[in-house]
file input.pdb (PDB, C-alpha atoms)
ATOM      1  CA  MET X1019    -127.005  57.060   7.709
ATOM      2  CA  PHE X1020    -129.121  57.233  10.868
ATOM      3  CA  VAL X1021    -129.296  53.419  11.129
ATOM      4  CA  ALA X1022    -125.518  53.096  10.882
ATOM      5  CA  SER X1023    -124.867  55.732  13.531
ATOM      6  CA  HIS X1024    -127.660  54.353  15.716
ATOM      7  CA  SER X1025    -126.199  50.830  15.604
ATOM      8  CA  GLY X1026    -122.745  52.301  16.254
ATOM      9  CA  LEU X1027    -124.124  54.064  19.314
ATOM     10  CA  LYS X1028    -125.737  50.832  20.529
ATOM     11  CA  TYR X1029    -122.416  49.023  20.056
ATOM     12  CA  PHE X1030    -120.538  51.751  21.930
ATOM     13  CA  LEU X1031    -123.040  51.761  24.807
ATOM     14  CA  THR X1032    -122.917  47.969  25.037
ATOM     15  CA  LEU X1033    -119.123  48.054  25.240
ATOM     16  CA  LEU X1034    -119.264  50.825  27.813
ATOM     17  CA  ILE X1035    -121.688  48.861  29.991
ATOM     18  CA  LEU X1036    -119.619  45.680  29.690
ATOM     19  CA  PHE X1037    -116.431  47.556  30.539
ATOM     20  CA  SER X1038    -118.079  49.219  33.540
ATOM     21  CA  TRP X1039    -119.488  45.928  34.809
ATOM     22  CA  THR X1040    -116.144  44.160  34.322
ATOM     23  CA  SER X1041    -114.353  46.953  36.189
ATOM     24  CA  TYR X1042    -116.907  46.741  38.985
ATOM     25  CA  LEU X1043    -116.464  42.969  39.314
ATOM     26  CA  ALA X1044    -112.678  43.280  39.260
ATOM     27  CA  ALA X1045    -112.829  45.846  42.065
ATOM     28  CA  GLN X1046    -115.211  43.591  44.024
ATOM     29  CA  ASN X1047    -112.895  40.607  43.565
ATOM     30  CA  GLY X1048    -109.927  42.673  44.730
ATOM     31  CA  GLU X1049    -111.799  43.786  47.845
ATOM     32  CA  VAL X1050    -112.957  40.228  48.541
ATOM     33  CA  SER X1051    -109.395  38.925  48.295
ATOM     34  CA  VAL X1052    -108.152  41.589  50.706
ATOM     35  CA  LEU X1053    -110.930  40.853  53.207
ATOM     36  CA  LYS X1054    -110.288  37.091  53.070
ATOM     37  CA  LYS X1055    -106.567  37.658  53.684
ATOM     38  CA  GLN X1056    -107.349  39.925  56.616
ATOM     39  CA  ILE X1057    -109.626  37.275  58.141
ATOM     40  CA  THR X1058    -106.919  34.615  57.996
ATOM     41  CA  ALA X1059    -104.323  37.057  59.360
ATOM     42  CA  THR X1060    -106.245  38.157  62.463
ATOM     43  CA  ASN X1061    -106.911  36.435  65.755
ATOM     44  CA  ASN X1062    -109.095  39.283  66.984
ATOM     45  CA  GLU X1063    -112.705  38.110  67.157
ATOM     46  CA  LYS X1064    -114.120  41.641  66.858
ATOM     47  CA  ASP X1065    -112.153  42.120  63.633
ATOM     48  CA  LYS X1066    -113.396  38.786  62.286
ATOM     49  CA  ILE X1067    -116.998  39.801  62.995
ATOM     50  CA  ARG X1068    -116.478  43.055  61.071
ATOM     51  CA  LEU X1069    -114.573  41.412  58.202
ATOM     52  CA  TYR X1070    -117.126  38.629  57.679
ATOM     53  CA  PHE X1071    -119.870  41.249  57.744
ATOM     54  CA  GLU X1072    -118.062  43.254  55.053
ATOM     55  CA  LEU X1073    -117.525  40.115  52.979
ATOM     56  CA  GLY X1074    -121.250  39.466  53.147
ATOM     57  CA  ARG X1075    -121.931  42.979  51.896
ATOM     58  CA  GLN X1076    -119.463  42.536  49.040
ATOM     59  CA  PHE X1077    -121.352  39.480  47.811
ATOM     60  CA  GLU X1078    -124.863  41.004  47.946
ATOM     61  CA  GLU X1079    -124.862  41.854  44.247
ATOM     62  CA  ILE X1080    -122.783  38.870  43.129
ATOM     63  CA  ASP X1081    -123.772  35.681  44.959
ATOM     64  CA  LEU X1082    -126.669  35.469  47.404
ATOM     65  CA  ASP X1083    -125.510  32.185  48.972
ATOM     66  CA  SER X1084    -122.029  33.558  49.674
ATOM     67  CA  CYS X1085    -123.536  36.768  51.016
ATOM     68  CA  LEU X1086    -125.718  34.894  53.493
ATOM     69  CA  HIS X1087    -122.861  32.531  54.374
ATOM     70  CA  PHE X1088    -120.507  35.361  55.347
ATOM     71  CA  LEU X1089    -123.193  37.323  57.201
ATOM     72  CA  THR X1090    -124.043  34.139  59.120
ATOM     73  CA  GLN X1091    -120.338  33.688  59.926
ATOM     74  CA  SER X1092    -120.298  37.208  61.337
ATOM     75  CA  LEU X1093    -123.412  36.442  63.382
ATOM     76  CA  THR X1094    -122.020  33.139  64.688
ATOM     77  CA  ILE X1095    -118.799  34.733  65.933
ATOM     78  CA  ALA X1096    -120.716  37.663  67.434
ATOM     79  CA  LYS X1097    -123.059  35.304  69.312
ATOM     80  CA  LYS X1098    -120.144  33.184  70.525
ATOM     81  CA  ASN X1099    -118.569  36.352  71.948
ATOM     82  CA  HIS X1100    -121.861  37.619  73.435
ATOM     83  CA  ASP X1101    -121.655  40.709  71.233
ATOM     84  CA  ASP X1102    -125.331  41.646  71.000
ATOM     85  CA  GLN X1103    -124.746  44.814  68.972
ATOM     86  CA  SER X1104    -122.801  42.969  66.263
ATOM     87  CA  SER X1105    -125.331  40.131  66.369
ATOM     88  CA  ALA X1106    -128.196  42.582  65.844
ATOM     89  CA  LYS X1107    -126.251  44.272  63.042
ATOM     90  CA  ALA X1108    -125.697  40.947  61.246
ATOM     91  CA  MET X1109    -129.348  39.946  61.716
ATOM     92  CA  SER X1110    -130.488  43.306  60.369
ATOM     93  CA  ARG X1111    -128.276  42.914  57.303
ATOM     94  CA  ILE X1112    -129.526  39.377  56.744
ATOM     95  CA  GLY X1113    -133.053  40.804  56.877
ATOM     96  CA  TYR X1114    -132.068  43.500  54.389
ATOM     97  CA  THR X1115    -130.595  40.831  52.107
ATOM     98  CA  TYR X1116    -133.794  38.805  52.198
ATOM     99  CA  ILE X1117    -135.828  41.904  51.289
ATOM    100  CA  TYR X1118    -133.742  43.332  48.486
ATOM    101  CA  HIS X1119    -131.808  40.384  47.080
ATOM    102  CA  ALA X1120    -133.784  37.202  47.864
ATOM    103  CA  ASN X1121    -137.270  38.740  47.594
ATOM    104  CA  ASP X1122    -138.402  36.866  50.702
ATOM    105  CA  GLU X1123    -140.046  39.411  52.970
ATOM    106  CA  ASP X1124    -141.347  36.766  55.402
ATOM    107  CA  LYS X1125    -137.821  35.568  56.155
ATOM    108  CA  ALA X1126    -136.668  39.163  56.321
ATOM    109  CA  LEU X1127    -139.288  39.904  58.984
ATOM    110  CA  GLN X1128    -138.117  36.937  61.053
ATOM    111  CA  TRP X1129    -134.526  38.196  61.022
ATOM    112  CA  LEU X1130    -135.470  41.815  61.647
ATOM    113  CA  ASN X1131    -137.674  40.913  64.614
ATOM    114  CA  ARG X1132    -134.843  38.836  66.090
ATOM    115  CA  ALA X1133    -132.514  41.803  65.681
ATOM    116  CA  ILE X1134    -135.019  44.079  67.418
ATOM    117  CA  GLN X1135    -135.243  41.640  70.339
ATOM    118  CA  LEU X1136    -131.471  41.930  70.811
ATOM    119  CA  ALA X1137    -131.212  45.653  70.164
ATOM    120  CA  LYS X1138    -134.069  46.932  72.379
ATOM    121  CA  PRO X1139    -132.715  45.938  75.811
ATOM    122  CA  LYS X1140    -129.306  47.395  74.897
ATOM    123  CA  ASN X1141    -130.740  50.665  73.556
ATOM    124  CA  ASP X1142    -128.963  49.928  70.299
ATOM    125  CA  TYR X1143    -130.692  52.778  68.498
ATOM    126  CA  LEU X1144    -128.814  52.459  65.222
ATOM    127  CA  ASN X1145    -129.833  48.833  64.690
ATOM    128  CA  LEU X1146    -133.362  49.603  65.832
ATOM    129  CA  ALA X1147    -133.567  52.428  63.283
ATOM    130  CA  LEU X1148    -132.383  50.134  60.483
ATOM    131  CA  CYS X1149    -134.774  47.340  61.439
ATOM    132  CA  TYR X1150    -137.820  49.581  61.649
ATOM    133  CA  ARG X1151    -136.912  51.240  58.351
ATOM    134  CA  TYR X1152    -136.715  47.828  56.643
ATOM    135  CA  ILE X1153    -139.940  46.648  58.284
ATOM    136  CA  GLY X1154    -141.558  49.885  57.106
ATOM    137  CA  MET X1155    -140.517  49.040  53.551
ATOM    138  CA  ILE X1156    -142.040  45.565  53.904
ATOM    139  CA  SER X1157    -145.239  47.122  55.248
ATOM    140  CA  LYS X1158    -145.321  49.473  52.283
ATOM    141  CA  HIS X1159    -144.618  46.673  49.754
ATOM    142  CA  GLN X1160    -147.306  44.430  51.190
ATOM    143  CA  GLY X1161    -149.866  47.152  51.885
ATOM    144  CA  ILE X1162    -150.168  45.981  55.495
ATOM    145  CA  GLY X1163    -150.392  48.383  58.404
ATOM    146  CA  ASN X1164    -149.115  51.936  58.283
ATOM    147  CA  PRO X1165    -145.514  52.008  57.049
ATOM    148  CA  TYR X1166    -145.207  55.669  58.005
ATOM    149  CA  ASP X1167    -145.596  54.791  61.680
ATOM    150  CA  LEU X1168    -142.653  52.430  61.267
ATOM    151  CA  PHE X1169    -140.631  55.054  59.395
ATOM    152  CA  TYR X1170    -141.382  57.497  62.220
ATOM    153  CA  LEU X1171    -140.063  54.967  64.753
ATOM    154  CA  ALA X1172    -136.964  54.469  62.587
ATOM    155  CA  LEU X1173    -136.414  58.225  62.427
ATOM    156  CA  ASN X1174    -136.727  58.626  66.195
ATOM    157  CA  PHE X1175    -134.253  55.821  66.836
ATOM    158  CA  ALA X1176    -131.895  57.305  64.251
ATOM    159  CA  LYS X1177    -132.005  60.668  66.039
ATOM    160  CA  LYS X1178    -131.188  58.953  69.328
ATOM    161  CA  ALA X1179    -128.302  57.069  67.708
ATOM    162  CA  ASN X1180    -126.442  60.208  66.620
ATOM    163  CA  ASP X1181    -124.628  57.921  64.177
ATOM    164  CA  TRP X1182    -126.981  57.574  61.213
ATOM    165  CA  LYS X1183    -124.960  56.624  58.130
ATOM    166  CA  GLU X1184    -127.253  54.395  56.063
TER     167      GLU X1184
END
call {"tool": "encode", "arguments": {"input": "input.pdb", "output": "structure tokens"}}
result
Amino acid sequence: MFVASHSGLKYFLTLLILFSWTSYLAAQNGEVSVLKKQITATNNEKDKIRLYFELGRQFEEIDLDSCLHFLTQSLTIAKKNHDDQSSAKAMSRIGYTYIYHANDEDKALQWLNRAIQLAKPKNDYLNLALCYRYIGMISKHQGIGNPYDLFYLALNFAKKANDWKE
């Protein structure tokens, strides 16, 4: 009796997980379609930067190459329009993607340091907070330096930003 109910429970849980994952992917695909339509419908460069950034985020869990492609599109348009804040934001997200989805902390550090170089002169505290938080995680993962000093920097920049959402 226990074996039958146990296997029934396993079957039910498997179906539940598959249904949840399918629902998640369907929602992602719907959001992706909407974002792509919005990109083709707008001529506003600032909107395109934001929409490509969001597309990149949508693909983080689904397709790493597409994620990096769309984040790079956001960065390219931001650079073309001399939008340092959006450029730093895209670079920071690319760094995040290399840490948590590509498992390449060296590449992540390159992107995060580039973002810091753009964000510092503009006092872009939000992007600085994100970058130092991610670099702190790399420091902690690799056992190099004191990650808590980096987290402290991130916290101080976040306080200055008055817009901490992440």
call {"tool": "residues_around", "arguments": {"input": "input.pdb", "residues": "region 1080-1091 of chain X", "least_positions_apart": "4", "cutoff": "9 Å", "atoms": "all atoms listed in the file", "output": "list in words"}}
result
Leu1043, Gln1046, Lys1066, Ile1067, Leu1069, Tyr1070, Phe1071, Glu1072, Leu1073, Gly1074, Arg1075, Gln1076, Ile1095, Ala1096, Ala1108, Met1109, Arg1111, Ile1112, Thr1115, His1119 and Ala1120 of chain X
call {"tool": "atom_distance", "arguments": {"input": "input.pdb", "atom1": "CA of Leu1171 (chain X)", "atom2": "CA of Leu1093 (chain X)"}}
result
24.9 Å
call {"tool": "closest_residue", "arguments": {"input": "input.pdb", "among": "X:Ile1156, X:Ala1106, X:Thr1094, X:Lys1140", "to": "Tyr1118 (chain X)", "atoms": "all atoms listed in the file"}}
result
X:Ile1156
call {"tool": "atom_distance", "arguments": {"input": "input.pdb", "atom1": "CA of Asp1122 (chain X)", "atom2": "CA of Leu1168 (chain X)"}}
result
19.3 Å
call {"tool": "residues_near_point", "arguments": {"input": "input.pdb", "point": "(-136.6, 56.7, 61.6)", "cutoff": "9 Å", "atoms": "all atoms listed in the file", "output": "short mmCIF file (atom, residue, chain, number, x, y, z; two decimals) with C-alpha atoms, in the coordinates of the input"}}
result
data_model
loop_
_atom_site.label_atom_id
_atom_site.label_comp_id
_atom_site.auth_asym_id
_atom_site.auth_seq_id
_atom_site.Cartn_x
_atom_site.Cartn_y
_atom_site.Cartn_z
CA LEU X 1146 -133.36 49.60 65.83
CA ALA X 1147 -133.57 52.43 63.28
CA LEU X 1148 -132.38 50.13 60.48
CA TYR X 1150 -137.82 49.58 61.65
CA ARG X 1151 -136.91 51.24 58.35
CA LEU X 1168 -142.65 52.43 61.27
CA PHE X 1169 -140.63 55.05 59.40
CA TYR X 1170 -141.38 57.50 62.22
CA LEU X 1171 -140.06 54.97 64.75
CA ALA X 1172 -136.96 54.47 62.59
CA LEU X 1173 -136.41 58.22 62.43
CA ASN X 1174 -136.73 58.63 66.19
CA PHE X 1175 -134.25 55.82 66.84
CA ALA X 1176 -131.90 57.30 64.25
CA LYS X 1177 -132.00 60.67 66.04
#
call {"tool": "closest_residue", "arguments": {"input": "input.pdb", "among": "X:Asp1167, X:Tyr1114, X:Thr1060, X:His1159", "to": "Leu1127 (chain X)", "atoms": "all atoms listed in the file"}}
result
X:Tyr1114
call {"tool": "closest_residue", "arguments": {"input": "input.pdb", "among": "X:Asp1065, X:Ala1133, X:Gly1154, X:Lys1138", "to": "Asn1099 (chain X)", "atoms": "all atoms listed in the file"}}
result
X:Asp1065
call {"tool": "atom_distance", "arguments": {"input": "input.pdb", "atom1": "CA of Cys1149 (chain X)", "atom2": "CA of Ile1134 (chain X)"}}
result
6.8 Å
call {"tool": "closest_residue", "arguments": {"input": "input.pdb", "among": "X:Leu1136, X:Ala1126, X:Ile1162, X:Ile1057", "to": "Gln1103 (chain X)", "atoms": "all atoms listed in the file"}}
result
X:Leu1136
